[in-house]
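Peer 1: Sending over entry04.cif (mmCIF, C-alpha atoms).
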```cif
data_data
loop_
_atom_site.group_PDB
_atom_site.id
_atom_site.type_symbol
_atom_site.label_atom_id
_atom_site.label_comp_id
_atom_site.auth_asym_id
_atom_site.auth_seq_id
_atom_site.Cartn_x
_atom_site.Cartn_y
_atom_site.Cartn_z
ATOM 1 C CA MET A 934 69.030 116.317 -1.891
ATOM 2 C CA TYR A 935 66.481 118.238 -3.919
ATOM 3 C CA PHE A 936 65.555 121.714 -2.773
ATOM 4 C CA SER A 937 63.157 122.600 -5.600
ATOM 5 C CA GLY A 938 59.976 122.076 -3.597
ATOM 6 C CA LEU A 939 61.347 123.917 -0.588
ATOM 7 C CA LEU A 940 62.426 126.886 -2.716
ATOM 8 C CA LEU A 941 59.018 127.053 -4.383
ATOM 9 C CA ALA A 942 57.264 126.855 -0.996
ATOM 10 C CA ILE A 943 59.408 129.662 0.403
ATOM 11 C CA GLY A 944 58.832 131.763 -2.711
ATOM 12 C CA THR A 945 55.068 131.181 -2.537
ATOM 13 C CA PHE A 946 55.022 132.108 1.142
ATOM 14 C CA LEU A 947 56.939 135.333 0.414
ATOM 15 C CA VAL A 948 54.700 136.275 -2.531
ATOM 16 C CA ILE A 949 51.543 135.825 -0.466
ATOM 17 C CA GLY A 950 53.143 137.754 2.392
ATOM 18 C CA LEU A 951 54.039 140.571 -0.002
ATOM 19 C CA PHE A 952 50.668 140.826 -1.706
ATOM 20 C CA HIS A 953 48.658 141.071 1.525
ATOM 21 C CA PRO A 954 50.016 144.505 2.544
ATOM 22 C CA LEU A 955 50.302 145.540 -1.122
ATOM 23 C CA VAL A 956 46.534 145.182 -1.563
ATOM 24 C CA ILE A 957 45.845 147.067 1.672
ATOM 25 C CA LYS A 958 48.161 149.963 0.760
ATOM 26 C CA THR A 959 46.916 150.095 -2.846
ATOM 27 C CA GLU A 960 43.300 150.384 -1.704
ATOM 28 C CA TYR A 961 44.197 152.982 0.925
ATOM 29 C CA TYR A 962 46.095 155.304 -1.435
ATOM 30 C CA TYR A 963 44.425 154.644 -4.808
ATOM 31 C CA GLY A 964 41.155 152.838 -4.143
ATOM 32 C CA THR A 965 40.062 150.132 -6.565
ATOM 33 C CA ARG A 966 41.082 152.094 -9.676
ATOM 34 C CA PRO A 967 44.394 150.227 -10.272
ATOM 35 C CA TRP A 968 42.702 146.810 -10.535
ATOM 36 C CA TRP A 969 43.587 146.668 -14.229
ATOM 37 C CA ILE A 970 47.305 146.939 -13.379
ATOM 38 C CA PHE A 971 46.980 143.741 -11.327
ATOM 39 C CA LEU A 972 45.181 142.163 -14.297
ATOM 40 C CA LEU A 973 47.847 143.090 -16.851
ATOM 41 C CA LEU A 974 50.735 142.085 -14.602
ATOM 42 C CA GLY A 975 48.989 138.828 -13.717
ATOM 43 C CA ILE A 976 48.436 137.938 -17.371
ATOM 44 C CA CYS A 977 52.059 138.826 -18.186
ATOM 45 C CA ALA A 978 53.354 136.670 -15.328
ATOM 46 C CA ILE A 979 51.215 133.714 -16.398
ATOM 47 C CA VAL A 980 52.285 134.037 -20.052
ATOM 48 C CA ALA A 981 55.918 134.280 -18.896
ATOM 49 C CA SER A 982 55.439 131.138 -16.813
ATOM 50 C CA LEU A 983 54.206 129.308 -19.902
ATOM 51 C CA LEU A 984 57.245 130.411 -21.912
ATOM 52 C CA THR A 985 59.913 129.764 -19.268
ATOM 53 C CA PRO A 986 61.800 126.469 -19.689
ATOM 54 C CA ASN A 987 63.086 126.382 -16.098
ATOM 55 C CA LEU A 988 60.547 124.454 -14.023
ATOM 56 C CA ILE A 989 61.124 126.286 -10.730
ATOM 57 C CA LEU A 990 61.069 129.741 -12.315
ATOM 58 C CA SER A 991 58.011 128.812 -14.373
ATOM 59 C CA ALA A 992 56.166 127.619 -11.277
ATOM 60 C CA PHE A 993 57.178 130.728 -9.348
ATOM 61 C CA LEU A 994 55.946 132.997 -12.160
ATOM 62 C CA GLY A 995 52.678 131.053 -12.135
ATOM 63 C CA VAL A 996 52.323 131.671 -8.401
ATOM 64 C CA VAL A 997 53.021 135.390 -8.895
ATOM 65 C CA GLY A 998 50.506 135.569 -11.765
ATOM 66 C CA ALA A 999 47.809 133.772 -9.791
ATOM 67 C CA SER A 1000 48.472 136.013 -6.772
ATOM 68 C CA LEU A 1001 48.170 139.127 -8.925
ATOM 69 C CA LEU A 1002 44.849 137.941 -10.360
ATOM 70 C CA TRP A 1003 43.577 136.952 -6.906
ATOM 71 C CA SER A 1004 44.528 140.421 -5.656
ATOM 72 C CA ILE A 1005 41.907 141.986 -7.926
ATOM 73 C CA GLY A 1006 39.110 140.416 -5.897
ATOM 74 C CA GLU A 1007 40.917 141.193 -2.669
ATOM 75 C CA LEU A 1008 41.211 144.848 -3.690
ATOM 76 C CA PHE A 1009 37.428 145.152 -3.987
ATOM 77 C CA ALA A 1010 36.929 143.118 -0.802
ATOM 78 C CA GLN A 1011 39.382 145.433 0.973
ATOM 79 C CA LYS A 1012 37.215 148.422 0.036
ATOM 80 C CA LYS A 1013 34.260 146.689 1.695
ATOM 81 C CA ARG A 1014 36.380 145.939 4.765
ATOM 82 C CA VAL A 1015 37.139 149.657 5.003
ATOM 83 C CA GLU A 1016 33.445 150.477 4.593
ATOM 84 C CA LYS A 1017 32.665 148.095 7.453
ATOM 85 C CA GLY A 1018 35.219 149.906 9.610
ATOM 86 C CA TRP A 1019 37.655 146.998 9.855
ATOM 87 C CA PHE A 1020 40.486 149.026 8.257
ATOM 88 C CA PRO A 1021 41.249 152.761 8.296
ATOM 89 C CA MET A 1022 39.676 154.976 5.642
ATOM 90 C CA ASN A 1023 41.731 157.402 3.581
ATOM 91 C CA LYS A 1024 40.113 160.745 4.447
ATOM 92 C CA LYS A 1025 41.163 162.187 1.060
ATOM 93 C CA ARG A 1026 38.914 159.646 -0.661
ATOM 94 C CA ALA A 1027 36.080 159.571 1.877
ATOM 95 C CA ALA A 1028 33.459 160.309 -0.816
ATOM 96 C CA GLU A 1029 34.260 156.975 -2.515
ATOM 97 C CA TYR A 1030 33.146 154.934 0.488
ATOM 98 C CA HIS A 1031 29.602 153.950 1.408
ATOM 99 C CA PRO A 1032 29.019 152.663 4.940
ATOM 100 C CA LEU A 1033 27.988 149.000 5.164
ATOM 101 C CA ASN A 1034 25.875 147.323 7.764
ATOM 102 C CA HIS A 1035 27.491 144.798 10.048
ATOM 103 C CA ASP A 1036 25.597 141.996 8.271
ATOM 104 C CA ASP A 1037 26.652 142.994 4.733
ATOM 105 C CA SER A 1038 28.996 140.623 2.960
ATOM 106 C CA ILE A 1039 32.497 141.664 1.937
ATOM 107 C CA CYS A 1040 32.302 139.345 -1.068
ATOM 108 C CA PRO A 1041 33.040 141.367 -4.224
ATOM 109 C CA LEU A 1042 30.387 139.447 -6.193
ATOM 110 C CA PRO A 1043 27.005 141.095 -6.731
ATOM 111 C CA ASN A 1044 24.081 140.404 -4.444
ATOM 112 C CA ILE A 1045 23.415 136.684 -4.526
ATOM 113 C CA LYS A 1046 20.280 135.005 -3.281
ATOM 114 C CA ARG A 1047 20.326 131.297 -2.618
ATOM 115 C CA LYS A 1048 18.142 128.715 -0.986
ATOM 116 C CA GLU A 1049 19.832 125.775 0.719
ATOM 117 C CA ASP A 1050 16.667 123.665 1.060
ATOM 118 C CA GLU A 1051 12.949 124.065 1.740
ATOM 119 C CA ASP A 1052 13.364 124.573 5.489
ATOM 120 C CA SER A 1053 16.307 126.983 5.406
ATOM 121 C CA MET A 1054 16.258 130.741 5.437
ATOM 122 C CA TYR A 1055 16.864 132.848 2.360
ATOM 123 C CA LEU A 1056 20.067 134.822 2.189
ATOM 124 C CA GLU A 1057 18.960 138.160 0.800
ATOM 125 C CA ARG A 1058 20.614 141.486 0.231
#
```
Let's see the structure in the file written out as C-alpha cells.
Peer 2:
Amino acid sequence: MYFSGLLLAIGTFLVIGLFHPLVIKTEYYYGTRPWWIFLLLGICAIVASLLTPNLILSAFLGVVGASLLWSIGELFAQKKRVEKGWFPMNKKRAAEYHPLNHDDSICPLPNIKRKEDEDSMYLER
C-alpha cells in the first residue's frame, strides 16, 4: 500500500488549519505590517521545495510556501473583516482601523469597477 497521497493530504489539511488562526492572531497583535515575513518565508519554502529530491517533502514544502503566500492576501482581508466588525479589534491599534460599510468588499484588491453586460448594474466603490 502507498501512503504518500494520504500523508500529503493530512499535511495539507494541518497546514491550512494552522495558517487560519495564525493569520487572525498576526493581524490582531501586529496588523498587516508583517506581510513581508510571510512573503520571505513563502519564497524560501517554494525554493526549498524545488531543491528537495524527496517527492513528498518537496510537495509538502510547496504547500507550505503557497499557504504562506496566500496568507498575505488573507492578512489584508482579515483587517477588513475587523473593520466590518466580524472579528474583534485590538484596542491598542484602534487608530489603524477605518470602519467599513456593510456593503464594502473585504477583497484586498483596490476598488474595481466592472460591467457584466448592458442590462446589469455597475459594481462601484
Peer 1: Output the residue selection produced by the PyMOL selection byres ((chain A and resi 1002) around 10) on the file above, formatted as number ranges by chain.
Peer 2: A: 968-976, 978-979, 996-1001, 1003-1007
Peer 1: With C-alpha atoms retained, could you export that selection as a PDB file, keeping the file's coordinate frame?
Peer 2:
```pdb
ATOM      1  CA  TRP A 968      42.702 146.810 -10.535  1.00  0.00           C
ATOM      2  CA  TRP A 969      43.587 146.668 -14.229  1.00  0.00           C
ATOM      3  CA  ILE A 970      47.305 146.939 -13.379  1.00  0.00           C
ATOM      4  CA  PHE A 971      46.980 143.741 -11.327  1.00  0.00           C
ATOM      5  CA  LEU A 972      45.181 142.163 -14.297  1.00  0.00           C
ATOM      6  CA  LEU A 973      47.847 143.090 -16.851  1.00  0.00           C
ATOM      7  CA  LEU A 974      50.735 142.085 -14.602  1.00  0.00           C
ATOM      8  CA  GLY A 975      48.989 138.828 -13.717  1.00  0.00           C
ATOM      9  CA  ILE A 976      48.436 137.938 -17.371  1.00  0.00           C
ATOM     10  CA  ALA A 978      53.354 136.670 -15.328  1.00  0.00           C
ATOM     11  CA  ILE A 979      51.215 133.714 -16.398  1.00  0.00           C
ATOM     12  CA  VAL A 996      52.323 131.671  -8.401  1.00  0.00           C
ATOM     13  CA  VAL A 997      53.021 135.390  -8.895  1.00  0.00           C
ATOM     14  CA  GLY A 998      50.506 135.569 -11.765  1.00  0.00           C
ATOM     15  CA  ALA A 999      47.809 133.772  -9.791  1.00  0.00           C
ATOM     16  CA  SER A1000      48.472 136.013  -6.772  1.00  0.00           C
ATOM     17  CA  LEU A1001      48.170 139.127  -8.925  1.00  0.00           C
ATOM     18  CA  TRP A1003      43.577 136.952  -6.906  1.00  0.00           C
ATOM     19  CA  SER A1004      44.528 140.421  -5.656  1.00  0.00           C
ATOM     20  CA  ILE A1005      41.907 141.986  -7.926  1.00  0.00           C
ATOM     21  CA  GLY A1006      39.110 140.416  -5.897  1.00  0.00           C
ATOM     22  CA  GLU A1007      40.917 141.193  -2.669  1.00  0.00           C
TER      23      GLU A1007
END
```
Peer 1: Using only C-alpha atoms, determine which residues lie at most 7 Å from Met1022 (chain A), disregarding the query and same-chain residues fewer than 3 positions distant; provide the list as a ChimeraX atom specification.
Peer 2: /A:961,1015,1027
Peer 1: Rounded to one decimal place, report the CA of Gly944 (chain A)-CA of Gly995 (chain A) distance in Å.
Peer 2: 11.3 Å
Peer 1: Compare A:Ala1010, A:Leu1033, A:Ile989, A:Leu983 by their minimum atom-to-atom distance to Tyr935 (chain A), counting all atoms listed in the file, and give me the closest one.
Peer 2: A:Ile989
Peer 1: Under the PyMOL selection byres ((chain A and resi 941) around 12), which residues of this model are included? Write them out as a list in words.
Peer 2: Tyr935, Phe936, Ser937, Gly938, Leu939, Leu940, Ala942, Ile943, Gly944, Thr945, Phe946, Leu947, Val948, Leu988, Ile989, Leu990, Ser991, Ala992, Phe993, Leu994, Gly995, Val996 and Val997 of chain A
Peer 1: State, in Å with one decimal place, the distance from CA of Ile957 (chain A) to CA of Cys977 (chain A).
Peer 2: 22.4 Å
Peer 1: Quick one: everything within 12 Å of Thr959 (chain A), counting all atoms listed in the file, minus sequence neighbours fewer than 4 positions away in the same chain. Send it as a compact mmCIF listing (two decimals) with C-alpha atoms, in the frame of the given file.
Peer 2:
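That gives us out.txt:
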```
# COMPACT_ATOMS: atom_id res chain seq x y z
CA PHE A 952 50.67 140.83 -1.71
CA HIS A 953 48.66 141.07 1.52
CA PRO A 954 50.02 144.50 2.54
CA LEU A 955 50.30 145.54 -1.12
CA TYR A 963 44.42 154.64 -4.81
CA GLY A 964 41.16 152.84 -4.14
CA THR A 965 40.06 150.13 -6.56
CA ARG A 966 41.08 152.09 -9.68
CA PRO A 967 44.39 150.23 -10.27
CA TRP A 968 42.70 146.81 -10.54
CA ILE A 970 47.30 146.94 -13.38
CA PHE A 971 46.98 143.74 -11.33
CA SER A 1004 44.53 140.42 -5.66
CA ILE A 1005 41.91 141.99 -7.93
CA GLU A 1007 40.92 141.19 -2.67
CA LEU A 1008 41.21 144.85 -3.69
CA PHE A 1009 37.43 145.15 -3.99
CA GLN A 1011 39.38 145.43 0.97
CA LYS A 1012 37.22 148.42 0.04
CA ASN A 1023 41.73 157.40 3.58
```
Peer 1: For Arg1026 (chain A), which residue among A:Lys1013, A:Leu951, A:Glu960, A:Pro986 is the nearest when counting only C-alpha atoms?
Peer 2: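 Smallest distance to Arg1026 (chain A) is found for A:Glu960.
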Peer 1: Record the distance separating CA of Lys1025 (chain A) and CA of Tyr962 (chain A), expressed in Å with one decimal.
Peer 2: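 Rounded to one decimal, the two atoms are 8.8 Å apart.
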Peer 1: Restricting the calculation to all atoms listed in the file: of A:Arg1014, A:Lys1024, A:Asn987, A:Glu1029, which residue gets closest to Val956 (chain A)?
Peer 2: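 The closest residue to Val956 (chain A) is A:Arg1014.
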